[in-house]
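Chemist: data.csv (CSV, C-alpha atoms) pasted underneath:
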```
chain,number,residue,atom,x,y,z
A,1,ILE,CA,-9.7,-8.2,18.0
A,2,VAL,CA,-9.4,-8.2,14.2
A,3,TYR,CA,-10.4,-5.1,12.3
A,4,TYR,CA,-10.0,-3.1,9.1
A,5,SER,CA,-10.3,0.7,8.9
A,6,PHE,CA,-10.0,3.1,6.0
A,7,THR,CA,-11.3,6.3,7.6
A,8,ASN,CA,-10.0,5.4,11.1
A,9,ASN,CA,-13.5,5.2,12.6
A,10,VAL,CA,-13.1,1.5,13.2
A,11,HIS,CA,-9.5,2.0,14.4
A,12,THR,CA,-10.9,4.4,17.1
A,13,ILE,CA,-13.5,1.8,18.0
A,14,ALA,CA,-11.1,-1.1,18.1
A,15,THR,CA,-8.5,0.8,20.1
A,16,ASP,CA,-11.2,1.7,22.7
A,17,LEU,CA,-12.3,-1.9,22.8
A,18,GLN,CA,-8.7,-3.0,23.4
A,19,SER,CA,-8.4,-0.5,26.2
A,20,GLN,CA,-11.5,-2.0,27.9
A,21,THR,CA,-10.6,-5.7,27.4
A,22,GLY,CA,-6.8,-5.9,27.2
A,23,ALA,CA,-7.3,-8.1,24.1
A,24,ASP,CA,-4.7,-8.7,21.4
A,25,MET,CA,-5.4,-6.7,18.3
A,26,VAL,CA,-4.5,-7.0,14.6
A,27,ARG,CA,-5.3,-4.5,11.8
A,28,ILE,CA,-6.0,-5.9,8.4
A,29,GLU,CA,-4.2,-3.9,5.6
A,30,PRO,CA,-4.6,-4.1,1.8
A,31,SER,CA,-1.5,-5.4,0.1
A,32,GLU,CA,-1.8,-2.6,-2.4
A,33,GLU,CA,-0.8,0.6,-0.6
A,34,GLY,CA,-2.1,4.1,-1.3
A,35,LEU,CA,-5.5,3.3,-2.8
A,36,ASP,CA,-7.9,6.1,-2.4
A,37,TYR,CA,-11.2,4.3,-1.7
A,38,ALA,CA,-13.0,7.7,-1.4
A,39,ALA,CA,-12.1,8.7,-5.0
A,40,ASN,CA,-14.7,8.7,-7.7
A,41,ASN,CA,-17.5,8.1,-5.2
A,42,TYR,CA,-15.7,5.1,-3.7
A,43,ALA,CA,-15.4,3.4,-7.1
A,44,ILE,CA,-12.6,1.0,-6.0
A,45,GLY,CA,-14.5,-0.2,-2.9
A,46,SER,CA,-17.7,-0.6,-4.9
A,47,ALA,CA,-15.9,-2.7,-7.5
A,48,LEU,CA,-14.3,-4.9,-4.8
A,49,ILE,CA,-17.6,-5.6,-3.2
A,50,SER,CA,-19.2,-6.4,-6.6
A,51,ALA,CA,-16.5,-8.9,-7.3
A,52,ILE,CA,-17.1,-10.7,-4.0
A,53,ARG,CA,-20.9,-10.7,-4.5
A,54,GLU,CA,-20.5,-12.2,-7.9
A,55,ASN,CA,-18.2,-15.1,-6.8
A,56,PRO,CA,-18.1,-15.4,-3.0
A,57,ASP,CA,-16.6,-18.8,-3.1
A,58,ASP,CA,-13.7,-17.9,-5.4
A,59,ALA,CA,-10.5,-16.7,-3.7
A,60,ALA,CA,-9.7,-14.6,-6.7
A,61,SER,CA,-12.8,-12.5,-6.0
A,62,TYR,CA,-11.1,-11.1,-2.8
A,63,PRO,CA,-8.6,-8.2,-2.8
A,64,GLY,CA,-5.0,-9.0,-1.6
A,65,ILE,CA,-4.1,-8.2,2.0
A,66,LYS,CA,-0.8,-8.0,3.8
A,67,PRO,CA,0.2,-11.1,5.7
A,68,VAL,CA,-1.2,-11.5,9.2
A,69,ASP,CA,0.7,-13.5,11.8
A,70,VAL,CA,-2.0,-14.7,14.3
A,71,ASN,CA,-2.4,-18.2,15.7
A,72,LEU,CA,-6.2,-18.3,16.1
A,73,ASP,CA,-5.8,-21.6,18.1
A,74,GLU,CA,-4.7,-19.4,21.0
A,75,TYR,CA,-8.1,-17.7,21.3
A,76,ASP,CA,-11.6,-18.8,22.2
A,77,MET,CA,-13.2,-15.4,21.3
A,78,VAL,CA,-12.6,-13.2,18.3
A,79,ILE,CA,-14.2,-9.7,18.0
A,80,VAL,CA,-14.5,-8.6,14.4
A,81,ALA,CA,-14.7,-4.8,13.9
A,82,ALA,CA,-15.8,-3.9,10.4
A,83,PRO,CA,-16.8,-0.9,8.4
A,84,LEU,CA,-19.9,-1.2,6.2
A,85,TRP,CA,-19.3,-0.8,2.4
A,86,TRP,CA,-22.4,-0.9,0.2
A,87,SER,CA,-24.4,-2.9,2.8
A,88,ASN,CA,-21.5,-5.4,3.1
A,89,MET,CA,-18.4,-5.9,5.2
A,90,ALA,CA,-15.4,-4.0,3.9
A,91,ALA,CA,-13.6,-6.1,1.2
A,92,PRO,CA,-10.1,-6.3,2.9
A,93,LEU,CA,-11.7,-7.8,6.0
A,94,GLN,CA,-13.7,-10.2,4.0
A,95,THR,CA,-10.4,-11.4,2.5
A,96,TYR,CA,-9.0,-12.1,5.9
A,97,LEU,CA,-12.2,-14.0,7.0
A,98,PHE,CA,-12.3,-15.9,3.7
A,99,GLN,CA,-8.8,-17.1,4.4
A,100,HIS,CA,-9.1,-17.7,8.2
A,101,GLY,CA,-12.8,-18.0,9.0
A,102,SER,CA,-12.6,-21.8,9.2
A,103,GLU,CA,-10.0,-21.5,11.9
A,104,MET,CA,-12.7,-19.7,14.0
A,105,LYS,CA,-14.9,-22.8,14.1
A,106,GLY,CA,-16.6,-23.1,17.5
A,107,LYS,CA,-15.1,-19.8,18.8
A,108,SER,CA,-17.3,-17.1,20.2
A,109,ILE,CA,-17.5,-14.3,17.6
A,110,GLY,CA,-18.5,-10.7,18.5
A,111,LEU,CA,-19.2,-8.3,15.7
A,112,ILE,CA,-18.9,-4.5,15.8
A,113,VAL,CA,-20.0,-2.6,12.7
A,114,SER,CA,-19.4,1.1,11.8
A,115,SER,CA,-21.5,2.8,9.2
A,116,ALA,CA,-22.7,6.2,8.3
A,117,SER,CA,-26.4,5.3,8.1
A,118,SER,CA,-27.2,1.9,6.6
A,119,GLY,CA,-28.3,-1.1,8.7
A,120,ILE,CA,-25.8,-3.8,9.4
A,121,SER,CA,-27.6,-7.0,8.5
A,122,GLY,CA,-25.5,-7.5,5.3
A,123,VAL,CA,-22.3,-7.3,7.4
A,124,GLU,CA,-23.7,-9.9,9.8
A,125,SER,CA,-24.6,-12.1,6.8
A,126,ASP,CA,-21.1,-11.8,5.4
A,127,ALA,CA,-19.5,-12.7,8.8
A,128,LYS,CA,-21.8,-15.8,9.1
A,129,ARG,CA,-20.9,-16.9,5.6
A,130,LEU,CA,-17.2,-16.4,6.1
A,131,ILE,CA,-17.1,-18.0,9.6
A,132,PRO,CA,-19.7,-20.7,9.0
A,133,GLU,CA,-19.2,-22.5,12.3
A,134,GLY,CA,-18.6,-19.5,14.6
A,135,ASN,CA,-20.7,-19.1,17.7
A,136,PHE,CA,-22.0,-15.6,17.1
A,137,LEU,CA,-22.8,-13.5,20.2
A,138,THR,CA,-25.9,-11.4,20.0
A,139,PRO,CA,-26.5,-8.6,19.5
A,140,SER,CA,-23.9,-7.2,17.2
A,141,LEU,CA,-22.9,-3.7,18.1
A,142,TRP,CA,-23.7,-1.0,15.6
A,143,ILE,CA,-21.8,2.3,16.0
A,144,ARG,CA,-22.8,5.0,13.6
A,145,SER,CA,-19.9,7.1,12.3
A,146,SER,CA,-21.3,10.1,14.1
A,147,GLN,CA,-21.1,8.2,17.4
A,148,THR,CA,-17.4,7.1,17.1
A,149,SER,CA,-16.0,9.8,19.3
A,150,GLY,CA,-18.4,8.7,22.1
A,151,CYS,CA,-18.1,5.0,21.6
A,152,HIS,CA,-16.6,4.1,25.0
A,153,SER,CA,-19.9,3.7,26.9
A,154,MET,CA,-21.5,1.9,24.0
A,155,ILE,CA,-18.7,-0.6,23.9
A,156,ALA,CA,-18.8,-1.1,27.7
A,157,ASP,CA,-22.6,-1.7,27.6
A,158,TRP,CA,-22.2,-4.1,24.7
A,159,LEU,CA,-19.5,-6.1,26.5
A,160,ASN,CA,-21.8,-6.4,29.5
A,161,GLU,CA,-24.7,-7.5,27.3
A,162,ILE,CA,-22.7,-10.2,25.5
A,163,ASN,CA,-21.2,-11.3,28.8
```
As structure tokens - that is how I would like this structure written.
Modeler:
Amino acid sequence: IVYYSFTNNVHTIATDLQSQTGADMVRIEPSEEGLDYAANNYAIGSALISAIRENPDDAASYPGIKPVDVNLDEYDMVIVAAPLWWSNMAAPLQTYLFQHGSEMKGKSIGLIVSSASSGISGVESDAKRLIPEGNFLTPSLWIRSSQTSGCHSMIADWLNEIN
């Protein structure tokens, strides 16, 4: 399980997922600490997403993240749990997938998305762009922010559905 969480909704979801699967888990963290993504109507996050949208193939478009020590060769399945930012995957998680998505070639990829209201098709598109040769399991799981506290059964049902 690889995830990013600012508000801790995705942390709650990923922790529940880990309790149901026993999977290894890594949290992606921005390299710059103490950023208040909620300030000024989420101005920082909006700017990060805009930079990625403008130059998605340029490593300089992605924000820095703390080093992650995971050997993806040890796994045949990766579940990506992501918050939605402006119809896209949160920028720090996009950085991780930009750097490591090619290492997920041929692996089964599950996608869980948390959002307050918007649909998740943009996050699915980001994942497919960043993991171009992943074997995406369908459907993705969408857990609205208001459903986070009751996510256990949604995750269990989804795990059964994706087999």
Chemist: Take the point (-15.2, -20.5, 23.6) in the file's coordinates, draw a sphere of radius 9 Å around it, and report as an mmCIF file with C-alpha atoms, in the coordinates of the input every protein, DNA or RNA residue with an atom inside or on it, counting all atoms listed in the file.
Modeler:
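Result file point-v8.cif:
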```
data_model
loop_
_atom_site.group_PDB
_atom_site.id
_atom_site.type_symbol
_atom_site.label_atom_id
_atom_site.label_comp_id
_atom_site.auth_asym_id
_atom_site.auth_seq_id
_atom_site.Cartn_x
_atom_site.Cartn_y
_atom_site.Cartn_z
ATOM 1 C CA TYR A 75 -8.100 -17.700 21.300
ATOM 2 C CA ASP A 76 -11.600 -18.800 22.200
ATOM 3 C CA MET A 77 -13.200 -15.400 21.300
ATOM 4 C CA GLY A 106 -16.600 -23.100 17.500
ATOM 5 C CA LYS A 107 -15.100 -19.800 18.800
ATOM 6 C CA SER A 108 -17.300 -17.100 20.200
ATOM 7 C CA ILE A 109 -17.500 -14.300 17.600
ATOM 8 C CA ASN A 135 -20.700 -19.100 17.700
#
```
Chemist: Please list as a PyMOL selection string every residue within 10 Å of range 116-128 of chain A, counting only C-alpha atoms and excluding residues in the same chain fewer than 5 positions away.
Modeler: chain A and resi 53+56+80+82-90+93-94+97-98+101+109-111+133-136+140-147
Chemist: Between A:Val68, A:Ser50, A:Cys151, A:Glu161, single out the one closest to Thr138 in chain A, counting all atoms listed in the file.
Modeler: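 Closest to Thr138 in chain A of all the choices is A:Glu161.
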Chemist: Env of Val70 in chain A: 10 Å cut, atoms = only C-alpha atoms, seq-sep filter 3 positions within chain, self excluded. Answer as a compact mmCIF listing (two decimals) with C-alpha atoms, keeping the file's coordinate frame.
Modeler:
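Okay, this is what ended up in selection_22.txt:
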```txt
# COMPACT_ATOMS: atom_id res chain seq x y z
CA VAL A 2 -9.40 -8.20 14.20
CA ASP A 24 -4.70 -8.70 21.40
CA MET A 25 -5.40 -6.70 18.30
CA VAL A 26 -4.50 -7.00 14.60
CA PRO A 67 0.20 -11.10 5.70
CA ASP A 73 -5.80 -21.60 18.10
CA GLU A 74 -4.70 -19.40 21.00
CA TYR A 75 -8.10 -17.70 21.30
CA HIS A 100 -9.10 -17.70 8.20
```
Chemist: Which is closest to Leu17 in chain A among A:Ile65, A:Ala59, A:Ala51, A:Leu159, if we use all atoms listed in the file?
Modeler: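 Of A:Ile65, A:Ala59, A:Ala51, A:Leu159, the one nearest Leu17 in chain A is A:Leu159, counting all atoms listed in the file.
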Chemist: Mind giving me the straight-line distance from CA of Pro139 in chain A to CA of Trp158 in chain A in Å, one decimal?
Modeler: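 Between CA of Pro139 in chain A and CA of Trp158 in chain A the gap works out to 8.1 Å.
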Chemist: Could you jot down the CA of Tyr62 in chain A to CA of Leu48 in chain A separation for me, Å, one decimal place?
Modeler: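 Here the two named atoms are 7.3 Å from each other.
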Chemist: I'd like the contact shell of Glu33 in chain A - 12 Å cut-off, all atoms listed in the file, skipping same-chain residues fewer than 3 positions apart - returned as a PDB file with C-alpha atoms, in the coordinates of the input.
Modeler:
```pdb
ATOM      1  CA  PHE A   6     -10.000   3.100   6.000  1.00  0.00           C
ATOM      2  CA  GLU A  29      -4.200  -3.900   5.600  1.00  0.00           C
ATOM      3  CA  PRO A  30      -4.600  -4.100   1.800  1.00  0.00           C
ATOM      4  CA  ASP A  36      -7.900   6.100  -2.400  1.00  0.00           C
ATOM      5  CA  TYR A  37     -11.200   4.300  -1.700  1.00  0.00           C
ATOM      6  CA  PRO A  63      -8.600  -8.200  -2.800  1.00  0.00           C
ATOM      7  CA  GLY A  64      -5.000  -9.000  -1.600  1.00  0.00           C
ATOM      8  CA  ILE A  65      -4.100  -8.200   2.000  1.00  0.00           C
ATOM      9  CA  LYS A  66      -0.800  -8.000   3.800  1.00  0.00           C
TER      10      LYS A  66
END
```
Chemist: What gap, in Å, lies between CA of Leu35 in chain A and CA of Ala60 in chain A?
Modeler: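 Pair CA of Leu35 in chain A / CA of Ala60 in chain A returns 18.8 Å.
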Chemist: Using only C-alpha atoms, find all polymer residues with an atom at most 12 Å away from the point (-10.4, 7.7, 11.9); report them as a PyMOL selection string.
Modeler: chain A and resi 4-15+83+114+145-146+148-149
Chemist: Which residue is closest to Ala81 in chain A? Choose from A:Asn163, A:Ser115, A:Ser153, A:Ser31 and count all atoms listed in the file.
Modeler: A:Ser115
Chemist: From the list A:Tyr3, A:Asp157, A:Ile131, A:His152, which residue is nearest Lys105 in chain A when using only C-alpha atoms?
Modeler: A:Ile131
